[in-house]
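The structure appears below as C-alpha cells.
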6 protein chains.
Amino acid sequence: MEGKNSSVSFTIMNEVVLPNDTNTFGNLMGGRLMYWMDIAAGIASGKHCNFPSMTASVDNISFKNPIKLGNVVHIEAKVTRAFHTSMEIYLKVWGEDNLHQYRYESNEAYFTFVALDPYNKPRAVPQLIPETEEDKRLFDGALRRRQLRLILSGKMKPDDANELKALFIKEN
Amino acid sequence: MEGKNSSVSFTIMNEVVLPNDTNTFGNLMGGRLMYWMDIAAGIASGKHCNFPSMTASVDNISFKNPIKLGNVVHIEAKVTRAFHTSMEIYLKVWGEDNLHQYRYESNEAYFTFVALDPYNKPRAVPQLIPETEEDKRLFDGALRRRQLRLILSGKMKPDDANELKALFIKEN
Amino acid sequence: MEGKNSSVSFTIMNEVVLPNDTNTFGNLMGGRLMYWMDIAAGIASGKHCNFPSMTASVDNISFKNPIKLGNVVHIEAKVTRAFHTSMEIYLKVWGEDNLHQYRYESNEAYFTFVALDPYNKPRAVPQLIPETEEDKRLFDGALRRRQLRLILSGKMKPDDANELKALFIKEN
Amino acid sequence: MEGKNSSVSFTIMNEVVLPNDTNTFGNLMGGRLMYWMDIAAGIASGKHCNFPSMTASVDNISFKNPIKLGNVVHIEAKVTRAFHTSMEIYLKVWGEDNLHQYRYESNEAYFTFVALDPYNKPRAVPQLIPETEEDKRLFDGALRRRQLRLILSGKMKPDDANELKALFIKEN
Amino acid sequence: MEGKNSSVSFTIMNEVVLPNDTNTFGNLMGGRLMYWMDIAAGIASGKHCNFPSMTASVDNISFKNPIKLGNVVHIEAKVTRAFHTSMEIYLKVWGEDNLHQYRYESNEAYFTFVALDPYNKPRAVPQLIPETEEDKRLFDGALRRRQLRLILSGKMKPDDANELKALFIKEN
Amino acid sequence: MEGKNSSVSFTIMNEVVLPNDTNTFGNLMGGRLMYWMDIAAGIASGKHCNFPSMTASVDNISFKNPIKLGNVVHIEAKVTRAFHTSMEIYLKVWGEDNLHQYRYESNEAYFTFVALDPYNKPRAVPQLIPETEEDKRLFDGALRRRQLRLILSGKMKPDDANELKALFIKEN
C-alpha cells in the first residue's frame with residue numbers, strides 16, 4: 001500500500017450557528033461543535049484511507065472562545081499520521097463574525113479513527129507522508145500523543161511511554 | 001456558599017440510536033454520542049451550581065465498543081469536584097441491547113463546565129462534598145486530571161504539575 | 001416465560017428544552033414532549049419484554065405546567081402490567097428549573113406498547129410482577145384503564161366494562 | 001366576539017416518513033406522529049382563535065395501522081368546539097402508499113388547545129359554528145369528551161358527568 | 001398507461017416556522033423552504049406516477065416576502081404536465097400570520113421529477129390530463145419552460161427553442 | 001465603499017449524506033442539498049458584504065448525478081457580482097465517493113442574496129472585483145442572468161433584455 005500525502009486528506013467545513021445549536025447564552029454548545037468536528041474528521045479519514053472508518057478516540061479539547069449565534073464555524077481537518085490500522089486527525093476550529101470582520105480561535109483537537117473491513121475488523125491503512133513543516137511537526141508529535149492516549153485509556157503503562165516523558169521536559 | 005453533595009448532580013440519560021445517528025456500519029457516530037454526553041454533563045453541572053454554565057473542556061475519550069442502531073445509550077453523569085468557577089463532570093456511557101439482554105461499556109469521560117454570571121463572566125460555584133468511596137476517588141483524581149488539562153492547553157508548565165507526576169509512577 | 005419485576009423496566013430520561021422545541025411563548029411544545037415520552041416508553045417496554053415493540057395507544061394526557069426554554073425535562077417510565085402481547089407503561093414528567101431550584105409536575109401518562117415477532121405479528125410477553133405499593137396500585141388500575149381504552153377505540157361495549165364502572169363510583 | 005365556522009380552521013398536512021422517523025421495523029414511531037399531529041392541531045387552533053395557543057391535553061389515541069418508511073402521512077385537523085378559553089381539535093390521520101395506490105387509516109384523535117394573552121393567561125376564544133353533519137356530531141360529542149377529560153385529569157367527579165354517563169348506555 | 005387528471009396529484013402541506021428554520025432576522029431561510037417544497041413536490045409526483053421518483057431540476061425561484069418565525073407556511077403542489085419519464089410540478093407558497101389574519105405570497109416554483117424503475121433507470125409515466133383553465137394554462141406553458149430548462153442546462157441549443165422565443169414576444 | 005475581491009467570499013463546505021437526507025433510493029434528496037447550498041451561499045454573501053443578508057432568488061438548478069448515502073457533498077460558493085443591494089453567488093457541487101476514489105458533478109447554481117439594514121431594508125453592498133479568468137467570465141455573465149431572473153419574476157419585459165438576447169445567438 002502506497003503512502004499518501006498530508007494534503008490528500010485536507011478538509012474544510014463551514015457551518016452557521018443556528019438557534020438550536022446554542023445554549024441559553026446564545027453560544028454554540030460544545031456538544032454540537034464536537035458533532036461537526038467528528039463529521040469533518042471522518043471525511044478527512046475517508047480521504048486518506050478510502051475505507052469506511054469510525055471514531056476510536058478524541059484527545060483533550062479546550063474551548064477558548066464561545067462561538068455566537070449566527071456566526072460561522074470554520075473547521076479544518078487533516079490526517080497527521082497513520083499507525084497500523086488507525087489515523088490521527090488534527091482539527092483546528094475558528095469562529096467567524098462576518099459583521100464585525102472578526103475571526104477568533106475556538107479550539108484545536110486530535111481525533112483518532114480506525115479503518116474497518118466489511119466484517120468490522122480493523123484493517124491496515126496507507127502511511128502518511130508529511131509535506132510542510134507543520135505536517136512534519138504534527139507527524140512527530142503524533143507518537144507522544146499516542147502514548148498519552150494509550151496511558152489514559154489504560155492500554156500502556158506510564159513507564160513504557162518514552163516519548164511522553166518529553167512532555168515533562170519541554171512543552172507541547 | 002454552602003458545599004453540595006455528589007448525589008445532587010447525579011443525572012441519568014437514556015436515548016435510542018436512530019438511523020440518522022449512525023455511520024455506514026449502523027453504529028452510533030462518535031460525534032452524536034459526544035453531543036448527548038455534553039447535554040448530560042450540562043444538566044449535572046446545572047444541578048450542582050444553579051447557574052448557567054458552558055463546556056470549557058473535554059478530556060481524552062476512548063470509545064471501547066460501538067453502539068448499534070436501535071440499541072439504548074445509557075449515560076450517567078455527576079460532578080466530581082468544583083474548582084473556583086469550574087466543575088469537573090464524570091460521565092460513564094453504556095450501550096444496551098435489550099433483545100440480547102446485553103449491556104456493554106462504551107466509554108468514560110471527564111467534561112469541565114464553567115459557571116457564568118449574566119455578563120458572561122465566570123462566577124464562583126459551591127464546593128463539592130464527595131459521599132461514596134467512588135466519589136472520593138474521583139474527587140482526589142480531579143487535581144491530577146486538571147494539571148494534565150492545563151498542560152495540554154498550554155496554561156501550565158509540566159514542571160509545575162506535581163500531582164500529574166504521580167501518573168508516571170502508578171497508573172490512573 | 002418467567003415474569004419480570006417492575007424495577008427491570010424502570011427508565012429515567014433527562015433532556016434540555018432547546019429553542020427548536022419551543023412555541024412562540026418559549027415553552028416546550030406538547031408534540032415534542034410526547035416524542036420524548038414515546039422514546040422513554042419504548043425503552044421501558046424493550047427492557048421488560050426483550051423483543052422489538054411499538055406504540056399501540058396513548059391514554060389521555062393533561063399538561064399541567066408549561067416547561068420553559070433551557071429547563072430540564074425529567075421523564076420516568078416503567079411497565080405497570082403486561083397483557084398477552086401488550087404492555088402498559090406509566091410515565092411521569094417533571095420540568096426542572098435549576099436556576100431557581102424549582103421542580104414542577106408536567107404530566108402523567110399511560111402508553112401501551114405491543115411486542116412483535118420478526119414477521120410483525122404480536123407475540124406473548126412476560127407477566128409483570130409488581131413490587132412496591134405504587135406498583136401494585138398501578139397494576140390494579142391497569143385493568144380499568146384497559147377497558148376504557150377498548151371502549152374509546154370501539155373494541156369493547158361499555159356494558160361489558162365492569163371494572164370501568166368503578167370510575168363512576170370512586171375517583172382514579 | 002363573533003363565532004367562526006368549522007371550515008375556517010380546517011388544516012391539511014402531508015409529510016413523508018423519512019428514515020429517522022422510523023423504529024427498527026421501518027414503521028413511523030408513534031412519538032414522531034404525535035409531534036406532527038400537535039403541529040397540525042396548533043395550526044388549526046391558530047386559524048380559529050387568531051391568538052397564540054398551546055397544547056392543554058390530548059385524548060386517548062389508538063394507532064390502527066403502522067405507516068411505512070417512504071409512505072405519506074396525511075393529517076386533517078379542525079376545531080370541533082370552543083369552550084371559554086379552550087378549543088377541541090379533531091384530527092384524522094391516514095397513511096398513503098402511492099406505489100400500491102393504497103390509503104389506510106392510522107388514527108383519530110382529539111387535542112385541546114388553550115389560547116393565551118401576552119401575559120400567558122388564558123383568554124376567551126370565538127365560539128365555533130358547526131356547518132356539516134359531521135361538524136354537528138363532533139360539536140355535540142365534545143361535551144361528553146370534555147367531561148371524560150376533566151374526570152381523567154382529576155378536575156371533575158364522575159358523579160357530576162351527566163353527559164359522560166351516556167357513554168355507558170350507547171357507544172361513542 | 002392511462003392518463004391522470006391534474007387533481008390526482010394536488011397536495012397541500014402546512015408547516016410552522018420554528019426557531020431553527022430562521023436566519024438572524026427571524027425569517028424563514030430560503031434553503032429550509034426549498035427543503036419543504038421538495039418534499040411537497042415529491043408527494044405530488046408520487047401521487048401522479050405511483051413510482052418512486054426524484055428531483056431532476058428546479059426552475060428559477062424568486063422569494064417575494066419573508067415568512068416570519070411562528071407563521072404558517074402553506075404550500076400547494078400539483079403536476080402540470082408529464083413528459084416521457086419526467087413530470088413538471090407547480091408549487092405555490094404562502095405565509096400565513098394567524099394573529100394578524102394576514103396571508104401573503106412567498107413564491108411560485110416549478111420542480112421537475114423523474115420516475116425511476118427498481119434499477120434506477122428512468123421509466124415512462126402516465127400523461128397528465130389538465131382539468132381547469134389554470135391546469136390548461138400551466139400545461140401549455142410547460143413546453144416553453146422545458147425548453148428554457150434544457151437550454152440552461154446545456155442540453156438544447158437556443159436556436160431550436162421555438163416555444164421559448166415566445167417569451168421574448170409576450171410575457172410569461 | 002471599497003470593492004472586494006472574488007476570493008474574499010470563497011467558501012468551501014463538506015457534508016456527509018446521512019440516512020435522513022436520503023429518499024427511498026438511498027440518494028440525497030434535492031431539497032436537503034438546496035438547504036446546504038443556501039447555507040453555503042449565505043456564508044459567501046456574508047463574507048462579501050459584512051451585513052446580514054437573505055436569499056432573494058435561486059436560478060434554475062439541474063441535478064446531474066445523484067449523491068449516495070455515506071458519500072461526501074462538496075460545495076464551493078463565491079460571489080460573482082454585486083448589484084446595488086444584491087449579490088449573485090455561484091455554487092458548484094460535487095459528490096465524492098471516497099471508497100471508490102470517485103468524484104462526480106452534482107450541479108451548478110446561482111443564488112441571489114440581498115443585504116439588509118437593521119430595519120430590514122435593502123442596503124448597498126461593496127462592488128465585486130473579479131480576479132481570475134473564471135471570475136471575469138462569471139462577472140460578465142451575471143448581467144444576462146439577472147435579466148433572465150427579472151423577466152422570469154415578471155419585473156422586466158423581454159423586449160428590454162438586450163443582454164439576454166445573446167442567449168439566443170450563442171450558448172451560455
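Residues in the C-alpha cells are named by chain (A, B, ... in the order shown) and by number from 1 within that chain; ligands are numbered from 1 in the order shown.
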Task: Exercise: Phe113 (chain F) partners within 6 Å, only C-alpha atoms, chain neighbours under 2 positions left out, as a count of residues only - done: 5
TODO: Residues of chain A no more than 6 Å from chain B, counting only C-alpha atoms: send them over as a PyMOL selection string.
DONE: chain A and resi 30-32+34-35+38+55-63+158+168
Just-selected residues, N, CA and C atoms written as an mmCIF file, in the first residue's frame:
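part-v2.cif written:
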data_model
loop_
_atom_site.group_PDB
_atom_site.id
_atom_site.type_symbol
_atom_site.label_atom_id
_atom_site.label_comp_id
_atom_site.auth_asym_id
_atom_site.auth_seq_id
_atom_site.Cartn_x
_atom_site.Cartn_y
_atom_site.Cartn_z
ATOM 1 N N GLY A 30 -20.931 23.024 23.175
ATOM 2 C CA GLY A 30 -19.741 22.214 22.933
ATOM 3 C C GLY A 30 -20.059 20.898 22.227
ATOM 4 N N GLY A 31 -21.171 20.304 22.585
ATOM 5 C CA GLY A 31 -21.533 19.005 22.026
ATOM 6 C C GLY A 31 -21.857 19.090 20.543
ATOM 7 N N ARG A 32 -22.517 20.169 20.166
ATOM 8 C CA ARG A 32 -22.855 20.363 18.757
ATOM 9 C C ARG A 32 -21.582 20.583 17.938
ATOM 10 N N MET A 34 -18.578 19.431 18.685
ATOM 11 C CA MET A 34 -17.868 18.151 18.575
ATOM 12 C C MET A 34 -18.545 17.243 17.543
ATOM 13 N N TYR A 35 -19.859 17.362 17.412
ATOM 14 C CA TYR A 35 -20.573 16.605 16.375
ATOM 15 C C TYR A 35 -20.037 16.990 14.993
ATOM 16 N N ASP A 38 -16.466 15.807 14.437
ATOM 17 C CA ASP A 38 -16.409 14.369 14.170
ATOM 18 C C ASP A 38 -16.730 14.083 12.695
ATOM 19 N N THR A 55 -14.777 6.644 14.648
ATOM 20 C CA THR A 55 -14.080 7.321 15.728
ATOM 21 C C THR A 55 -13.598 6.330 16.775
ATOM 22 N N ALA A 56 -12.298 6.328 17.065
ATOM 23 C CA ALA A 56 -11.771 5.458 18.112
ATOM 24 C C ALA A 56 -11.523 6.256 19.386
ATOM 25 N N SER A 57 -11.004 7.479 19.248
ATOM 26 C CA SER A 57 -10.807 8.299 20.439
ATOM 27 C C SER A 57 -10.718 9.777 20.087
ATOM 28 N N VAL A 58 -10.869 10.601 21.099
ATOM 29 C CA VAL A 58 -10.811 12.051 20.968
ATOM 30 C C VAL A 58 -9.889 12.530 22.071
ATOM 31 N N ASP A 59 -8.887 13.336 21.718
ATOM 32 C CA ASP A 59 -7.980 13.846 22.752
ATOM 33 C C ASP A 59 -8.573 15.073 23.423
ATOM 34 N N ASN A 60 -7.965 15.415 24.547
ATOM 35 C CA ASN A 60 -8.338 16.613 25.290
ATOM 36 C C ASN A 60 -8.640 17.816 24.385
ATOM 37 N N ILE A 61 -9.822 18.408 24.548
ATOM 38 C CA ILE A 61 -10.194 19.624 23.812
ATOM 39 C C ILE A 61 -10.442 20.733 24.818
ATOM 40 N N SER A 62 -9.868 21.894 24.557
ATOM 41 C CA SER A 62 -10.107 23.040 25.419
ATOM 42 C C SER A 62 -10.753 24.142 24.577
ATOM 43 N N PHE A 63 -11.957 24.575 24.956
ATOM 44 C CA PHE A 63 -12.672 25.581 24.167
ATOM 45 C C PHE A 63 -12.262 26.976 24.613
ATOM 46 N N PRO A 158 2.664 3.932 32.176
ATOM 47 C CA PRO A 158 3.446 5.171 32.041
ATOM 48 C C PRO A 158 4.942 4.909 31.885
ATOM 49 N N PHE A 168 7.336 16.285 29.936
ATOM 50 C CA PHE A 168 7.700 16.853 31.223
ATOM 51 C C PHE A 168 9.047 17.556 31.184
#
TODO: Please report, as a PyMOL selection string, each residue of region 96-171 of chain D to which DSSP assigns strand (DSSP E) when run on this structure's backbone.
DONE: chain D and resi 96-97+102-115+128-129
Can you spit out the residues from that selection as a PDB file, in the first residue's frame, using N, CA, C and O atoms?
ATOM      1  N   GLU D  96     -50.444   6.786   3.319  1.00  0.00           N
ATOM      2  CA  GLU D  96     -50.689   6.624   1.885  1.00  0.00           C
ATOM      3  C   GLU D  96     -49.478   5.980   1.224  1.00  0.00           C
ATOM      4  O   GLU D  96     -48.378   6.509   1.290  1.00  0.00           O
ATOM      5  N   ASP D  97     -49.711   4.844   0.615  1.00  0.00           N
ATOM      6  CA  ASP D  97     -48.664   4.141  -0.102  1.00  0.00           C
ATOM      7  C   ASP D  97     -48.925   4.385  -1.581  1.00  0.00           C
ATOM      8  O   ASP D  97     -49.770   3.726  -2.194  1.00  0.00           O
ATOM      9  N   TYR D 102     -52.600   2.735  -2.213  1.00  0.00           N
ATOM     10  CA  TYR D 102     -53.336   2.194  -1.084  1.00  0.00           C
ATOM     11  C   TYR D 102     -53.311   3.217   0.052  1.00  0.00           C
ATOM     12  O   TYR D 102     -52.254   3.706   0.432  1.00  0.00           O
ATOM     13  N   ARG D 103     -54.492   3.542   0.550  1.00  0.00           N
ATOM     14  CA  ARG D 103     -54.616   4.508   1.649  1.00  0.00           C
ATOM     15  C   ARG D 103     -55.232   3.809   2.841  1.00  0.00           C
ATOM     16  O   ARG D 103     -56.245   3.130   2.695  1.00  0.00           O
ATOM     17  N   TYR D 104     -54.653   3.967   4.017  1.00  0.00           N
ATOM     18  CA  TYR D 104     -55.130   3.233   5.192  1.00  0.00           C
ATOM     19  C   TYR D 104     -55.215   4.152   6.395  1.00  0.00           C
ATOM     20  O   TYR D 104     -54.419   5.069   6.563  1.00  0.00           O
ATOM     21  N   GLU D 105     -56.179   3.890   7.285  1.00  0.00           N
ATOM     22  CA  GLU D 105     -56.368   4.711   8.479  1.00  0.00           C
ATOM     23  C   GLU D 105     -55.241   4.478   9.478  1.00  0.00           C
ATOM     24  O   GLU D 105     -54.864   3.346   9.734  1.00  0.00           O
ATOM     25  N   SER D 106     -54.745   5.549  10.063  1.00  0.00           N
ATOM     26  CA  SER D 106     -53.783   5.400  11.146  1.00  0.00           C
ATOM     27  C   SER D 106     -54.477   5.625  12.484  1.00  0.00           C
ATOM     28  O   SER D 106     -54.518   4.760  13.334  1.00  0.00           O
ATOM     29  N   ASN D 107     -55.078   6.774  12.662  1.00  0.00           N
ATOM     30  CA  ASN D 107     -55.779   7.033  13.921  1.00  0.00           C
ATOM     31  C   ASN D 107     -56.628   8.288  13.839  1.00  0.00           C
ATOM     32  O   ASN D 107     -56.499   9.079  12.912  1.00  0.00           O
ATOM     33  N   GLU D 108     -57.486   8.441  14.828  1.00  0.00           N
ATOM     34  CA  GLU D 108     -58.259   9.661  15.066  1.00  0.00           C
ATOM     35  C   GLU D 108     -57.879  10.165  16.442  1.00  0.00           C
ATOM     36  O   GLU D 108     -57.626   9.350  17.338  1.00  0.00           O
ATOM     37  N   ALA D 109     -57.885  11.468  16.631  1.00  0.00           N
ATOM     38  CA  ALA D 109     -57.523  11.966  17.954  1.00  0.00           C
ATOM     39  C   ALA D 109     -58.180  13.305  18.231  1.00  0.00           C
ATOM     40  O   ALA D 109     -58.615  14.009  17.305  1.00  0.00           O
ATOM     41  N   TYR D 110     -58.266  13.621  19.513  1.00  0.00           N
ATOM     42  CA  TYR D 110     -58.760  14.937  19.937  1.00  0.00           C
ATOM     43  C   TYR D 110     -57.686  15.611  20.777  1.00  0.00           C
ATOM     44  O   TYR D 110     -57.259  15.044  21.794  1.00  0.00           O
ATOM     45  N   PHE D 111     -57.248  16.784  20.351  1.00  0.00           N
ATOM     46  CA  PHE D 111     -56.306  17.592  21.112  1.00  0.00           C
ATOM     47  C   PHE D 111     -57.081  18.793  21.671  1.00  0.00           C
ATOM     48  O   PHE D 111     -58.014  19.276  21.037  1.00  0.00           O
ATOM     49  N   THR D 112     -56.697  19.288  22.827  1.00  0.00           N
ATOM     50  CA  THR D 112     -57.296  20.524  23.346  1.00  0.00           C
ATOM     51  C   THR D 112     -56.203  21.585  23.463  1.00  0.00           C
ATOM     52  O   THR D 112     -55.143  21.318  24.031  1.00  0.00           O
ATOM     53  N   PHE D 113     -56.461  22.740  22.880  1.00  0.00           N
ATOM     54  CA  PHE D 113     -55.519  23.858  22.962  1.00  0.00           C
ATOM     55  C   PHE D 113     -56.155  24.982  23.767  1.00  0.00           C
ATOM     56  O   PHE D 113     -57.365  25.174  23.725  1.00  0.00           O
ATOM     57  N   VAL D 114     -55.327  25.747  24.470  1.00  0.00           N
ATOM     58  CA  VAL D 114     -55.837  26.891  25.213  1.00  0.00           C
ATOM     59  C   VAL D 114     -55.177  28.149  24.644  1.00  0.00           C
ATOM     60  O   VAL D 114     -53.985  28.145  24.317  1.00  0.00           O
ATOM     61  N   ALA D 115     -55.986  29.207  24.472  1.00  0.00           N
ATOM     62  CA  ALA D 115     -55.464  30.471  23.938  1.00  0.00           C
ATOM     63  C   ALA D 115     -54.893  31.304  25.078  1.00  0.00           C
ATOM     64  O   ALA D 115     -55.429  31.285  26.188  1.00  0.00           O
ATOM     65  N   LEU D 128     -67.461  28.222  18.175  1.00  0.00           N
ATOM     66  CA  LEU D 128     -67.410  27.510  16.907  1.00  0.00           C
ATOM     67  C   LEU D 128     -68.821  27.278  16.394  1.00  0.00           C
ATOM     68  O   LEU D 128     -69.709  26.855  17.142  1.00  0.00           O
ATOM     69  N   ILE D 129     -69.035  27.546  15.111  1.00  0.00           N
ATOM     70  CA  ILE D 129     -70.333  27.304  14.470  1.00  0.00           C
ATOM     71  C   ILE D 129     -70.182  26.094  13.552  1.00  0.00           C
ATOM     72  O   ILE D 129     -69.531  26.177  12.509  1.00  0.00           O
TER      73      ILE D 129
END
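Pairwise distance (CA of Pro19 (chain C), CA of Glu76 (chain E)) equals 28.1 Å.
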